[in-house]
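coords.cif, holding mmCIF, C-alpha atoms:
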```
data_coords
#
loop_
_atom_site.label_atom_id
_atom_site.label_comp_id
_atom_site.auth_asym_id
_atom_site.auth_seq_id
_atom_site.Cartn_x
_atom_site.Cartn_y
_atom_site.Cartn_z
CA MET H 85 47.02 56.21 -174.24
CA LYS H 86 45.89 54.85 -177.61
CA MET H 87 47.17 51.41 -176.67
CA ARG H 88 45.49 51.41 -173.26
CA ARG H 89 42.03 52.20 -174.57
CA PRO H 90 41.53 48.87 -176.49
CA LEU H 91 42.86 46.96 -173.48
CA ILE H 92 40.40 48.67 -171.15
CA ILE H 93 37.54 48.01 -173.56
CA THR H 94 38.52 44.35 -173.92
CA ALA H 95 38.80 43.89 -170.15
CA GLY H 96 35.40 45.53 -169.74
CA ILE H 97 33.84 43.17 -172.27
CA PHE H 98 35.16 40.06 -170.52
CA LEU H 99 34.18 41.46 -167.12
CA ALA H 100 30.66 41.93 -168.44
CA ILE H 101 30.69 38.36 -169.79
CA GLY H 102 31.82 37.08 -166.38
CA PHE H 103 29.08 39.06 -164.63
CA PHE H 104 26.49 37.72 -167.07
CA ALA H 105 27.72 34.15 -166.50
CA LEU H 106 27.51 34.67 -162.72
CA LEU H 107 23.99 36.05 -163.00
CA THR H 108 22.95 33.18 -165.26
CA VAL H 109 24.26 30.50 -162.88
CA LEU H 110 22.58 32.18 -159.89
CA LEU H 111 19.23 32.17 -161.68
CA VAL H 112 19.40 28.53 -162.85
CA PRO H 113 17.37 26.23 -160.53
CA ASP H 114 19.30 23.38 -158.90
CA ARG H 115 17.01 20.81 -160.52
CA GLN H 116 17.87 22.14 -163.97
CA ILE H 117 21.58 21.75 -163.17
CA ARG H 118 20.86 18.14 -162.21
CA ASP H 119 18.93 17.49 -165.42
CA VAL H 120 21.72 18.87 -167.63
CA LEU H 121 24.38 16.72 -165.91
CA VAL H 122 22.25 13.57 -165.94
CA GLU H 123 21.39 13.99 -169.64
CA GLY H 124 25.03 14.63 -170.52
CA ALA H 125 26.10 11.43 -168.74
CA ALA H 126 23.30 9.45 -170.42
CA ARG H 127 24.62 10.45 -173.85
CA GLN H 128 27.86 8.69 -172.88
CA GLY H 129 26.00 5.56 -171.75
CA LEU H 130 26.45 6.42 -168.06
CA ILE H 131 24.10 6.84 -165.12
CA LEU H 132 24.76 9.84 -162.86
CA ASN H 133 23.25 10.25 -159.40
CA GLY H 134 23.86 12.66 -156.54
CA GLU H 135 22.43 13.50 -153.16
CA HIS H 136 22.37 17.23 -153.84
CA PHE H 137 23.01 19.34 -156.94
CA GLY H 138 23.73 23.03 -156.41
CA LYS H 139 25.89 26.05 -157.17
CA ALA H 140 29.51 26.73 -156.20
CA PHE H 141 30.78 30.27 -155.58
CA PRO H 142 31.43 32.36 -157.60
CA ILE H 143 30.47 30.68 -160.90
CA GLY H 144 30.18 26.93 -160.70
CA ILE H 145 28.26 23.85 -159.75
CA SER H 146 28.60 21.20 -157.06
CA VAL H 147 27.33 17.68 -156.50
CA ASP H 148 27.27 15.94 -153.12
CA LYS H 149 27.57 12.13 -152.87
CA LEU H 150 28.20 11.73 -156.59
CA GLU H 151 27.87 8.28 -158.15
CA ILE H 152 28.63 7.40 -161.77
CA ALA H 153 27.54 3.96 -162.98
CA ASP H 154 26.71 2.00 -166.09
CA SER H 155 24.43 -0.98 -166.69
CA ARG H 156 26.76 -3.25 -164.65
CA GLY H 157 26.90 -1.09 -161.54
CA ALA H 158 28.87 1.72 -159.88
CA LEU H 159 32.14 2.88 -161.45
CA PHE H 160 33.07 6.03 -159.50
CA ASN H 161 32.00 7.63 -156.23
CA ALA H 162 32.96 11.01 -154.74
CA ASP H 163 31.94 12.70 -151.51
CA GLN H 164 31.72 15.98 -153.39
CA LEU H 165 32.49 17.27 -156.88
CA THR H 166 32.80 20.97 -157.66
CA ALA H 167 33.52 22.70 -160.97
CA ARG H 168 34.17 26.44 -161.21
CA LEU H 169 34.79 28.90 -164.04
CA LYS H 170 38.12 30.64 -163.32
CA LEU H 171 37.61 34.42 -163.37
CA LEU H 172 41.16 35.71 -164.01
CA PRO H 173 41.68 33.69 -167.24
CA LEU H 174 38.20 34.84 -168.34
CA LEU H 175 39.30 38.48 -168.04
CA LEU H 176 42.27 37.59 -170.26
CA GLY H 177 40.04 36.05 -172.89
CA ARG H 178 40.42 32.38 -171.90
CA VAL H 179 37.81 29.91 -170.67
CA GLU H 180 39.21 27.64 -167.95
CA ILE H 181 37.30 25.39 -165.58
CA ALA H 182 38.80 24.14 -162.32
CA TRP H 183 37.28 21.02 -160.80
CA LEU H 184 37.84 19.08 -157.60
CA ALA H 185 36.53 15.72 -156.38
CA THR H 186 37.02 14.68 -152.75
CA ILE H 187 37.06 10.95 -152.00
CA GLY H 188 37.59 10.26 -148.32
CA ASP H 189 40.98 11.80 -147.46
CA GLY H 190 42.01 11.84 -151.11
CA VAL H 191 41.44 14.34 -153.90
CA ILE H 192 41.29 14.34 -157.68
CA GLU H 193 41.58 17.80 -159.20
CA GLY H 194 42.27 19.38 -162.52
CA ASP H 195 41.89 22.26 -164.98
CA PHE H 196 40.02 22.05 -168.27
CA SER H 197 40.17 24.50 -171.19
CA PRO H 198 37.43 23.54 -173.69
CA LEU H 199 38.43 26.22 -176.22
CA ALA H 200 42.18 25.43 -176.17
CA GLY H 201 42.08 22.04 -177.85
CA GLY H 202 40.52 20.41 -174.81
CA LYS H 203 43.61 21.11 -172.70
CA GLN H 204 43.49 19.32 -169.35
CA GLN H 205 45.67 18.93 -166.28
CA LEU H 206 45.12 16.28 -163.63
CA THR H 207 46.42 15.59 -160.12
CA ILE H 208 45.46 12.67 -157.88
CA ALA H 209 46.65 12.58 -154.29
CA GLY H 210 45.97 10.11 -151.51
CA VAL H 211 43.06 8.28 -153.16
CA LYS H 212 42.43 4.85 -151.65
CA LEU H 213 41.76 2.36 -154.45
CA GLU H 214 39.28 0.48 -152.27
CA THR H 215 37.00 3.55 -152.44
CA LEU H 216 36.76 3.24 -156.26
CA PRO H 217 34.04 0.69 -157.12
CA LEU H 218 35.02 0.15 -160.78
CA PHE H 219 37.46 -2.66 -159.89
CA GLN H 220 34.71 -4.67 -158.21
CA THR H 221 32.22 -3.82 -160.96
CA ILE H 222 34.49 -4.58 -163.95
CA MET H 223 36.75 -7.37 -162.64
CA GLY H 224 34.95 -8.57 -159.50
CA SER H 225 38.16 -8.01 -157.54
CA GLU H 226 39.29 -6.51 -154.26
CA VAL H 227 41.90 -3.81 -154.79
CA ARG H 228 43.65 -1.83 -152.07
CA GLY H 229 46.41 0.77 -152.15
CA GLU H 230 47.04 4.49 -152.27
CA LEU H 231 47.13 6.21 -155.66
CA ARG H 232 49.04 9.32 -156.67
CA ALA H 233 49.23 10.66 -160.21
CA THR H 234 49.93 13.76 -162.29
CA GLY H 235 49.27 14.33 -165.95
CA PHE H 236 48.25 16.61 -168.79
CA TYR H 237 46.38 16.21 -172.05
CA HIS H 238 45.62 18.49 -175.00
CA GLY H 239 44.43 18.17 -178.56
CA ARG H 240 41.79 15.97 -180.09
CA GLN H 241 41.76 12.50 -181.65
CA ASN H 242 45.01 11.77 -183.54
CA ASP H 243 46.46 15.18 -182.67
CA ALA H 244 46.14 14.58 -178.93
CA LYS H 245 49.28 14.67 -176.80
CA GLY H 246 49.73 14.05 -173.12
CA GLU H 247 51.47 12.28 -170.30
CA LEU H 248 50.44 10.54 -167.09
CA GLN H 249 52.74 9.45 -164.27
CA LEU H 250 51.30 7.31 -161.52
CA GLU H 251 52.41 5.61 -158.35
CA VAL H 252 50.58 3.18 -156.08
CA LYS H 253 51.83 2.30 -152.62
CA ASN H 254 51.04 -1.07 -151.02
CA LEU H 255 48.86 -2.33 -153.86
CA ASP H 256 46.96 -5.45 -152.83
CA LEU H 257 45.09 -7.46 -155.50
CA ARG H 258 42.66 -10.23 -154.59
CA GLY H 259 40.29 -12.15 -156.82
CA VAL H 260 41.30 -10.43 -160.06
CA LYS H 261 39.82 -12.08 -163.14
CA VAL H 262 40.25 -11.05 -166.76
CA GLY H 263 37.67 -12.58 -169.06
CA GLY H 264 36.94 -15.24 -166.41
CA LEU H 265 40.61 -16.26 -166.08
CA PRO H 266 42.08 -15.61 -162.61
CA LEU H 267 45.34 -13.80 -161.99
CA PRO H 268 47.44 -14.50 -158.89
CA ASP H 269 46.62 -12.76 -155.63
CA ALA H 270 49.56 -10.56 -154.74
CA THR H 271 50.77 -7.59 -152.73
CA TYR H 272 52.99 -5.07 -154.53
CA GLU H 273 54.95 -2.66 -152.36
CA THR H 274 55.54 -0.22 -155.19
CA VAL H 275 53.84 0.33 -158.54
CA GLN H 276 55.18 3.00 -160.88
CA GLY H 277 54.02 3.81 -164.36
CA MET H 278 54.32 6.28 -167.23
CA PHE H 279 51.78 6.72 -170.04
CA ARG H 280 52.38 8.92 -173.09
CA ILE H 281 49.62 9.99 -175.45
CA ALA H 282 50.46 10.57 -179.11
CA ALA H 283 49.14 9.59 -182.55
CA GLY H 284 45.74 8.73 -181.12
CA LYS H 285 47.04 6.22 -178.56
CA ALA H 286 47.97 6.08 -174.89
CA VAL H 287 51.20 4.07 -174.88
CA ILE H 288 52.45 2.49 -171.66
CA GLN H 289 56.09 3.54 -171.54
CA SER H 290 56.65 1.62 -168.32
CA LEU H 291 54.41 0.13 -165.67
CA THR H 292 56.23 -2.06 -163.18
CA LEU H 293 54.93 -3.86 -160.11
CA GLN H 294 57.47 -4.98 -157.53
CA GLY H 295 55.77 -7.48 -155.26
CA ASP H 296 56.32 -9.92 -152.45
CA GLY H 297 57.67 -12.93 -154.38
CA ILE H 298 56.62 -11.70 -157.80
CA TYR H 299 57.59 -9.06 -160.32
CA ALA H 300 55.15 -7.89 -163.00
CA ARG H 301 55.24 -5.53 -165.96
CA LEU H 302 52.42 -4.18 -168.15
CA SER H 303 53.04 -2.83 -171.66
CA GLY H 304 50.98 -1.96 -174.74
CA ASP H 305 48.64 0.80 -175.90
CA ILE H 306 45.03 1.95 -175.75
CA PRO H 307 43.34 4.25 -178.32
CA VAL H 308 42.14 7.59 -176.97
CA GLY H 309 39.03 9.56 -177.87
CA THR H 310 36.49 6.73 -177.50
CA THR H 311 34.35 5.79 -174.51
CA ASN H 312 35.16 2.06 -174.65
CA PRO H 313 38.50 1.62 -176.44
CA PRO H 314 39.95 -1.76 -177.47
CA LEU H 315 42.93 -3.06 -175.52
CA ASN H 316 46.31 -4.10 -176.88
CA LEU H 317 48.21 -4.98 -173.69
CA THR H 318 50.67 -7.59 -172.48
CA LEU H 319 51.05 -8.54 -168.82
CA GLU H 320 54.32 -10.20 -167.86
CA LEU H 321 54.48 -12.20 -164.62
CA MET H 322 57.77 -13.37 -163.14
CA PRO H 323 57.02 -15.27 -159.92
CA LYS H 324 59.66 -16.72 -157.64
CA PRO H 325 59.45 -20.52 -157.14
CA GLU H 326 57.94 -20.28 -153.65
CA PHE H 327 55.27 -17.81 -154.85
CA LEU H 328 54.43 -20.05 -157.82
CA GLU H 329 54.12 -23.05 -155.51
CA ARG H 330 51.65 -21.23 -153.23
CA GLN H 331 49.37 -20.43 -156.19
CA LYS H 332 50.18 -23.28 -158.54
CA PHE H 333 46.53 -23.80 -159.52
CA VAL H 334 46.33 -20.26 -160.93
CA PHE H 335 49.60 -20.71 -162.81
CA MET H 336 48.37 -24.05 -164.18
CA LEU H 337 45.52 -22.10 -165.80
CA LEU H 338 48.08 -19.67 -167.21
CA ALA H 339 50.40 -22.44 -168.43
CA LYS H 340 49.86 -21.78 -172.14
CA HIS H 341 51.29 -18.29 -171.63
CA LEU H 342 54.56 -19.61 -170.15
CA THR H 343 57.36 -18.50 -172.48
CA THR H 344 60.43 -19.47 -170.46
CA PRO H 345 60.70 -20.99 -166.97
CA GLY H 346 59.30 -18.47 -164.50
CA HIS H 347 58.22 -15.99 -167.20
CA TYR H 348 54.59 -15.64 -168.33
CA GLN H 349 53.44 -13.31 -171.13
CA ILE H 350 49.69 -12.81 -171.02
CA PRO H 351 47.94 -10.87 -173.82
CA ILE H 352 45.01 -8.72 -172.69
CA ARG H 353 42.51 -7.85 -175.41
CA GLY H 354 38.80 -7.01 -175.52
CA THR H 355 37.81 -3.50 -174.45
CA LEU H 356 38.36 -1.29 -171.44
CA ALA H 357 34.86 -2.15 -170.21
CA LYS H 358 35.31 -5.89 -170.92
CA PRO H 359 38.95 -7.01 -170.95
CA GLU H 360 39.69 -10.55 -172.15
CA ILE H 361 42.62 -12.98 -172.30
CA PRO H 362 42.54 -14.85 -175.64
#
```
What is this structure when it is put down as C-alpha coordinates?
Amino acid sequence: MKMRRPLIITAGIFLAIGFFALLTVLLVPDRQIRDVLVEGAARQGLILNGEHFGKAFPIGISVDKLEIADSRGALFNADQLTARLKLLPLLLGRVEIAWLATIGDGVIEGDFSPLAGGKQQLTIAGVKLETLPLFQTIMGSEVRGELRATGFYHGRQNDAKGELQLEVKNLDLRGVKVGGLPLPDATYETVQGMFRIAAGKAVIQSLTLQGDGIYARLSGDIPVGTTNPPLNLTLELMPKPEFLERQKFVFMLLAKHLTTPGHYQIPIRGTLAKPEIP
(Lines of atoms letter the chains of each structure in order from A and count residues from 1; the text may use other names and numbers.)
(Lines give C-alpha, C1' and ligand atoms only; values in the text may rest on other atoms or scores of the structure.)
Protein backbone atom coordinates (compact mmCIF):
# COMPACT_ATOMS: atom_id res chain seq x y z
CA MET A 1 0.00 0.00 0.00
CA LYS A 2 2.90 2.32 0.82
CA MET A 3 4.40 1.70 -2.61
CA ARG A 4 1.12 2.30 -4.46
CA ARG A 5 0.47 5.69 -2.91
CA PRO A 6 3.47 7.50 -4.56
CA LEU A 7 2.60 5.88 -7.89
CA ILE A 8 -0.99 7.09 -7.68
CA ILE A 9 0.17 10.59 -6.74
CA THR A 10 2.68 10.66 -9.61
CA ALA A 11 0.09 9.45 -12.12
CA GLY A 12 -2.32 12.10 -10.85
CA ILE A 13 0.27 14.83 -11.31
CA PHE A 14 0.99 13.85 -14.92
CA LEU A 15 -2.72 13.46 -15.63
CA ALA A 16 -3.23 17.00 -14.35
CA ILE A 17 -0.35 18.21 -16.54
CA GLY A 18 -1.94 16.50 -19.56
CA PHE A 19 -5.32 18.08 -18.80
CA PHE A 20 -3.69 21.50 -18.41
CA ALA A 21 -1.86 21.05 -21.74
CA LEU A 22 -5.14 20.06 -23.43
CA LEU A 23 -6.92 23.08 -21.98
CA THR A 24 -4.08 25.37 -23.03
CA VAL A 25 -4.09 24.13 -26.63
CA LEU A 26 -7.88 24.44 -26.86
CA LEU A 27 -7.72 28.06 -25.72
CA VAL A 28 -4.89 29.11 -28.07
CA PRO A 29 -6.26 30.89 -31.19
CA ASP A 30 -5.37 29.32 -34.54
CA ARG A 31 -3.64 32.52 -35.65
CA GLN A 32 -1.33 32.38 -32.65
CA ILE A 33 -0.38 28.80 -33.58
CA ARG A 34 0.45 30.06 -37.07
CA ASP A 35 2.58 32.92 -35.72
CA VAL A 36 4.61 30.62 -33.45
CA LEU A 37 5.35 28.18 -36.31
CA VAL A 38 6.20 30.92 -38.80
CA GLU A 39 8.54 32.67 -36.34
CA GLY A 40 10.24 29.38 -35.47
CA ALA A 41 10.89 28.65 -39.16
CA ALA A 42 12.16 32.20 -39.73
CA ARG A 43 14.81 31.71 -37.03
CA GLN A 44 16.15 28.85 -39.17
CA GLY A 45 16.18 31.01 -42.31
CA LEU A 46 13.04 29.35 -43.70
CA ILE A 47 9.67 30.60 -44.90
CA LEU A 48 6.63 28.63 -43.73
CA ASN A 49 3.17 28.95 -45.27
CA GLY A 50 -0.05 27.01 -44.92
CA GLU A 51 -3.64 27.18 -46.06
CA HIS A 52 -5.04 26.52 -42.60
CA PHE A 53 -3.46 26.30 -39.14
CA GLY A 54 -5.49 24.59 -36.43
CA LYS A 55 -5.65 22.07 -33.60
CA ALA A 56 -5.42 18.27 -33.73
CA PHE A 57 -7.24 16.06 -31.21
CA PRO A 58 -6.50 15.53 -28.39
CA ILE A 59 -3.43 17.76 -27.87
CA GLY A 60 -1.78 18.88 -31.06
CA ILE A 61 -1.65 21.13 -34.06
CA SER A 62 -2.26 20.69 -37.77
CA VAL A 63 -1.36 22.56 -40.94
CA ASP A 64 -3.13 22.08 -44.28
CA LYS A 65 -1.27 22.65 -47.57
CA LEU A 66 2.06 23.21 -45.85
CA GLU A 67 4.91 24.79 -47.80
CA ILE A 68 8.45 25.31 -46.52
CA ALA A 69 10.75 27.49 -48.63
CA ASP A 70 13.86 29.61 -48.47
CA SER A 71 15.01 32.61 -50.49
CA ARG A 72 15.44 30.42 -53.61
CA GLY A 73 11.97 28.90 -53.59
CA ALA A 74 9.97 25.92 -52.29
CA LEU A 75 11.80 23.05 -50.58
CA PHE A 76 9.02 20.88 -49.12
CA ASN A 77 5.27 20.56 -49.59
CA ALA A 78 2.74 18.44 -47.69
CA ASP A 79 -1.01 18.07 -48.06
CA GLN A 80 -1.30 18.01 -44.28
CA LEU A 81 1.04 17.98 -41.29
CA THR A 82 -0.13 17.01 -37.81
CA ALA A 83 1.82 16.87 -34.55
CA ARG A 84 0.34 15.43 -31.35
CA LEU A 85 1.51 15.06 -27.76
CA LYS A 86 1.29 11.34 -26.87
CA LEU A 87 -0.79 10.92 -23.70
CA LEU A 88 0.36 7.50 -22.43
CA PRO A 89 4.09 8.41 -22.30
CA LEU A 90 3.08 11.67 -20.59
CA LEU A 91 1.39 9.69 -17.80
CA LEU A 92 4.66 7.77 -17.41
CA GLY A 93 6.67 10.96 -17.10
CA ARG A 94 7.92 11.21 -20.71
CA VAL A 95 7.26 13.88 -23.32
CA GLU A 96 6.82 12.36 -26.79
CA ILE A 97 5.42 14.00 -29.90
CA ALA A 98 4.08 12.00 -32.83
CA TRP A 99 3.93 13.73 -36.20
CA LEU A 100 2.64 12.77 -39.63
CA ALA A 101 2.93 14.45 -43.03
CA THR A 102 0.82 13.23 -45.95
CA ILE A 103 2.15 13.88 -49.46
CA GLY A 104 -0.16 12.51 -52.11
CA ASP A 105 -0.37 8.75 -51.48
CA GLY A 106 2.83 8.81 -49.43
CA VAL A 107 3.51 9.53 -45.77
CA ILE A 108 6.39 10.74 -43.64
CA GLU A 109 5.92 10.06 -39.94
CA GLY A 110 7.94 9.97 -36.79
CA ASP A 111 8.25 10.33 -33.02
CA PHE A 112 10.22 13.04 -31.27
CA SER A 113 11.29 13.13 -27.60
CA PRO A 114 12.72 16.61 -26.87
CA LEU A 115 13.69 15.75 -23.27
CA ALA A 116 15.43 12.45 -24.13
CA GLY A 117 18.43 13.83 -25.97
CA GLY A 118 16.33 14.82 -28.96
CA LYS A 119 15.47 11.18 -29.70
CA GLN A 120 13.73 10.78 -33.05
CA GLN A 121 12.35 7.98 -35.20
CA LEU A 122 11.43 8.38 -38.86
CA THR A 123 9.54 6.35 -41.46
CA ILE A 124 8.94 7.32 -45.09
CA ALA A 125 6.63 5.22 -47.23
CA GLY A 126 5.48 5.66 -50.81
CA VAL A 127 6.62 9.27 -51.26
CA LYS A 128 6.97 10.26 -54.91
CA LEU A 129 10.17 12.26 -55.37
CA GLU A 130 8.52 14.41 -58.04
CA THR A 131 6.25 15.83 -55.31
CA LEU A 132 9.28 17.21 -53.41
CA PRO A 133 10.26 20.59 -54.91
CA LEU A 134 13.73 20.84 -53.34
CA PHE A 135 15.37 19.00 -56.27
CA GLN A 136 14.08 21.57 -58.76
CA THR A 137 14.88 24.45 -56.40
CA ILE A 138 18.42 23.37 -55.44
CA MET A 139 19.65 21.57 -58.58
CA GLY A 140 17.16 22.64 -61.26
CA SER A 141 16.54 18.98 -62.04
CA GLU A 142 13.64 16.64 -62.69
CA VAL A 143 13.63 13.72 -60.27
CA ARG A 144 11.15 10.85 -60.25
CA GLY A 145 10.91 7.69 -58.18
CA GLU A 146 9.33 6.24 -55.06
CA LEU A 147 11.12 6.70 -51.74
CA ARG A 148 11.02 4.46 -48.68
CA ALA A 149 13.16 4.96 -45.60
CA THR A 150 13.45 4.15 -41.90
CA GLY A 151 15.76 5.65 -39.34
CA PHE A 152 16.43 6.85 -35.81
CA TYR A 153 18.48 9.61 -34.23
CA HIS A 154 19.33 10.59 -30.66
CA GLY A 155 21.82 12.78 -28.87
CA ARG A 156 23.16 16.20 -29.71
CA GLN A 157 26.13 17.49 -31.69
CA ASN A 158 29.17 15.19 -31.38
CA ASP A 159 27.29 12.77 -29.10
CA ALA A 160 24.57 12.15 -31.70
CA LYS A 161 24.02 8.61 -32.96
CA GLY A 162 21.64 7.31 -35.56
CA GLU A 163 21.00 5.33 -38.67
CA LEU A 164 19.02 5.80 -41.88
CA GLN A 165 18.23 3.13 -44.46
CA LEU A 166 16.65 4.21 -47.72
CA GLU A 167 15.46 2.69 -50.96
CA VAL A 168 14.26 4.34 -54.16
CA LYS A 169 12.48 2.42 -56.88
CA ASN A 170 12.67 3.51 -60.53
CA LEU A 171 14.72 6.63 -59.88
CA ASP A 172 14.81 8.87 -62.95
CA LEU A 173 17.22 11.84 -63.02
CA ARG A 174 17.04 14.50 -65.72
CA GLY A 175 18.87 17.79 -65.95
CA VAL A 176 20.89 17.36 -62.75
CA LYS A 177 23.58 19.99 -62.31
CA VAL A 178 26.02 20.37 -59.45
CA GLY A 179 27.64 23.78 -59.31
CA GLY A 180 26.68 24.35 -62.96
CA LEU A 181 28.29 21.09 -64.14
CA PRO A 182 25.80 18.60 -65.63
CA LEU A 183 25.59 14.96 -64.62
CA PRO A 184 24.32 12.30 -67.03
CA ASP A 185 20.59 11.73 -67.40
CA ALA A 186 19.86 8.21 -66.21
CA THR A 187 17.23 5.81 -64.94
CA TYR A 188 18.16 3.65 -61.95
CA GLU A 189 15.96 0.64 -61.27
CA THR A 190 17.13 0.30 -57.67
CA VAL A 191 18.83 2.69 -55.27
CA GLN A 192 19.78 1.47 -51.81
CA GLY A 193 21.64 3.32 -49.13
CA MET A 194 22.72 3.26 -45.49
CA PHE A 195 23.75 6.30 -43.43
CA ARG A 196 25.22 6.07 -39.92
CA ILE A 197 25.49 9.04 -37.59
CA ALA A 198 28.35 9.16 -35.09
CA ALA A 199 31.04 11.59 -33.91
CA GLY A 200 29.11 14.55 -35.27
CA LYS A 201 28.88 13.23 -38.84
CA ALA A 202 26.44 11.37 -41.07
CA VAL A 203 28.65 8.84 -42.87
CA ILE A 204 27.41 7.16 -46.04
CA GLN A 205 28.12 3.49 -45.40
CA SER A 206 26.81 2.53 -48.82
CA LEU A 207 24.68 4.22 -51.45
CA THR A 208 24.54 2.35 -54.73
CA LEU A 209 22.59 3.12 -57.89
CA GLN A 210 22.09 0.31 -60.37
CA GLY A 211 20.97 1.85 -63.64
CA ASP A 212 20.24 1.14 -67.27
CA GLY A 213 23.77 1.15 -68.72
CA ILE A 214 25.42 2.79 -65.73
CA TYR A 215 26.39 1.97 -62.18
CA ALA A 216 26.97 4.71 -59.60
CA ARG A 217 28.11 4.89 -55.98
CA LEU A 218 28.07 7.80 -53.52
CA SER A 219 30.34 7.89 -50.45
CA GLY A 220 31.54 10.46 -47.91
CA ASP A 221 30.18 12.30 -44.89
CA ILE A 222 28.13 15.33 -43.87
CA PRO A 223 28.34 17.08 -40.45
CA VAL A 224 25.14 17.00 -38.39
CA GLY A 225 23.69 19.67 -36.13
CA THR A 226 23.91 22.60 -38.57
CA THR A 227 21.28 23.98 -40.93
CA ASN A 228 23.59 24.16 -43.96
CA PRO A 229 26.43 21.67 -43.47
CA PRO A 230 29.50 21.43 -45.74
CA LEU A 231 29.74 18.42 -48.04
CA ASN A 232 32.57 15.91 -48.28
CA LEU A 233 31.25 13.47 -50.88
CA THR A 234 32.54 11.47 -53.82
CA LEU A 235 30.32 10.32 -56.68
CA GLU A 236 31.62 7.41 -58.74
CA LEU A 237 30.19 6.82 -62.22
CA MET A 238 30.85 3.63 -64.16
CA PRO A 239 29.04 3.88 -67.51
CA LYS A 240 28.97 1.13 -70.10
CA PRO A 241 30.45 2.10 -73.51
CA GLU A 242 27.06 2.46 -75.21
CA PHE A 243 25.75 4.69 -72.38
CA LEU A 244 28.89 6.84 -72.52
CA GLU A 245 28.51 7.21 -76.28
CA ARG A 246 24.91 8.41 -75.96
CA GLN A 247 25.95 11.17 -73.53
CA LYS A 248 29.53 11.77 -74.60
CA PHE A 249 29.22 15.57 -74.32
CA VAL A 250 28.43 15.29 -70.59
CA PHE A 251 31.33 12.89 -70.05
CA MET A 252 33.65 15.23 -71.98
CA LEU A 253 32.86 17.87 -69.34
CA LEU A 254 33.66 15.29 -66.65
CA ALA A 255 36.87 14.15 -68.35
CA LYS A 256 39.22 15.54 -65.69
CA HIS A 257 37.56 13.23 -63.16
CA LEU A 258 38.29 10.10 -65.23
CA THR A 259 40.57 7.88 -63.12
CA THR A 260 40.63 4.69 -65.19
CA PRO A 261 38.79 3.82 -68.42
CA GLY A 262 35.06 3.82 -67.67
CA HIS A 263 35.50 4.99 -64.05
CA TYR A 264 34.87 8.59 -62.97
CA GLN A 265 35.43 9.89 -59.43
CA ILE A 266 33.71 13.23 -58.91
CA PRO A 267 34.25 15.17 -55.66
CA ILE A 268 31.19 17.06 -54.40
CA ARG A 269 31.94 19.94 -52.04
CA GLY A 270 30.24 23.21 -51.13
CA THR A 271 27.25 22.98 -48.79
CA LEU A 272 23.98 21.09 -48.68
CA ALA A 273 22.18 24.20 -49.93
CA LYS A 274 24.80 24.89 -52.63
CA PRO A 275 26.74 21.78 -53.70
CA GLU A 276 29.75 22.29 -55.98
CA ILE A 277 32.19 20.20 -58.03
CA PRO A 278 35.71 21.65 -57.69
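A straight line drawn from atom CA of Leu265 of chain H to atom CA of Gly304 of chain H is 19.7 Å long.
Listed by chain and then by number, the residues chosen by the PyMOL selection byres ((chain H and resi 282) around 7) in this file are Ala244, Lys245, Gly246, Arg280, Ile281, Ala283, Gly284, Lys285 and Ala286 of chain H.
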Would you mind exporting C-alpha atoms of the selected residues as a short mmCIF file (atom, residue, chain, number, x, y, z; two decimals), keeping the file's coordinate frame?
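Dumped everything to again_36.cif:
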```
data_model
loop_
_atom_site.label_atom_id
_atom_site.label_comp_id
_atom_site.auth_asym_id
_atom_site.auth_seq_id
_atom_site.Cartn_x
_atom_site.Cartn_y
_atom_site.Cartn_z
CA ALA H 244 46.14 14.58 -178.93
CA LYS H 245 49.28 14.67 -176.80
CA GLY H 246 49.73 14.05 -173.12
CA ARG H 280 52.38 8.92 -173.09
CA ILE H 281 49.62 9.99 -175.45
CA ALA H 283 49.14 9.59 -182.55
CA GLY H 284 45.74 8.73 -181.12
CA LYS H 285 47.04 6.22 -178.56
CA ALA H 286 47.97 6.08 -174.89
#
```
As JSON, please: the centre and edge lengths in Å, to one decimal, of an axis-aligned box enclosing every listed atom of segment 150-155 of chain H with 4 Å added on each side.
```
{"center_x": 26.5, "center_y": 5.4, "center_z": -161.6, "size_x": 12.2, "size_y": 20.7, "size_z": 18.1}
```
Q) Counting only C-alpha atoms, what is within 6 Å of Ile288 of chain H, bar same-chain residues fewer than 5 positions away, as number ranges by chain? A) H: 279, 303-305
Selected residues written out, C-alpha atoms, as a PDB file, in the coordinates of the input:
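Generated output (out32.pdb):
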```pdb
ATOM      1  CA  PHE H 279      51.780   6.720-170.040  1.00  0.00           C
ATOM      2  CA  SER H 303      53.040  -2.830-171.660  1.00  0.00           C
ATOM      3  CA  GLY H 304      50.980  -1.960-174.740  1.00  0.00           C
ATOM      4  CA  ASP H 305      48.640   0.800-175.900  1.00  0.00           C
TER       5      ASP H 305
END
```
**Q.** Top pick for closest residue to Glu230 of chain H, considering H:Ala182, H:Leu213, H:Val262, H:Leu218 and counting all atoms listed in the file
**A.** H:Leu213
**Q.** Lys340 of chain H surroundings by all atoms listed in the file, 12 Å radius, close-in-sequence under 5 positions cut, as a VMD selection string
**A.** chain H and resid 334 to 335 347 to 351 361 to 362
Q.
Between atom CA of Val120 of chain H and atom CA of Ile145 of chain H, what is the distance in Å, rounded to a tenth?
A. 11.4 Å
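Applied to this file, the PyMOL selection byres ((chain H and resi 207) around 8) selects Ile192, Glu193, Gly194, Gln205, Leu206, Ile208, Ala209, Arg232, Ala233, Thr234 and Gly235 of chain H.
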Q: Take the PyMOL selection byres ((chain H and resi 199) around 12), apply it to the structure above, and return the hits as a ChimeraX atom specification.
A: /H:174,177-181,196-198,200-204,238-240
Q: Tell me, as an MDAnalysis selection string, which residues lie within 6 Å of Thr355 of chain H, counting all atoms listed in the file; anything in the same chain fewer than 4 positions away does not count.
A: chainID H and resid 313:315 359
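Of the residues listed (H:Ala140, H:Leu121, H:Leu172, H:Val275), H:Val275 shows the shortest atom-to-atom separation from Ala300 of chain H; distances use all atoms listed in the file.
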Q: Tell me which of H:Ile352, H:Met278, H:Leu291, H:Leu342 sits closest to Thr318 of chain H, counting all atoms listed in the file.
A: H:Ile352
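In terms of minimum interatomic distance to Gly264 of chain H, H:Gly224 ranks closest within H:Gly224, H:Gly129, H:Gly210, H:Gly138, counting only C-alpha atoms.
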Q) Restricting the calculation to all atoms listed in the file, which member of H:Gly188, H:Pro173, H:Gly263, H:Pro307 is positioned closest to Gly354 of chain H? A) H:Gly263
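Closest to Leu250 of chain H among H:Gln289, H:Ser146, H:Thr215, H:Asn161 is H:Gln289, based on only C-alpha atoms.
For the pair atom CA of Leu231 of chain H and atom CA of Leu255 of chain H, the interatomic distance is 8.9 Å.
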Please, which residues in segment 307-328 of chain H fall within 7 Å of segment 294-298 of chain H when counting only C-alpha atoms, and what is the closest atom pair and distance in Å to one decimal for each, ordered by chain then residue number, as a Markdown table?
```
| residue | atom | partner | partner_atom | distance |
| --- | --- | --- | --- | --- |
| H:Met322 | CA | H:Ile298 | CA | 5.7 |
| H:Pro323 | CA | H:Ile298 | CA | 4.2 |
| H:Lys324 | CA | H:Gly297 | CA | 5.4 |
| H:Phe327 | CA | H:Gly297 | CA | 5.5 |
```
Q: Give as a PyMOL selection string each residue that has an atom at most 9 Å from (37.6, 18.0, -155.4) in the file, counting all atoms listed in the file.
A: chain H and resi 162-167+183-187+190-194
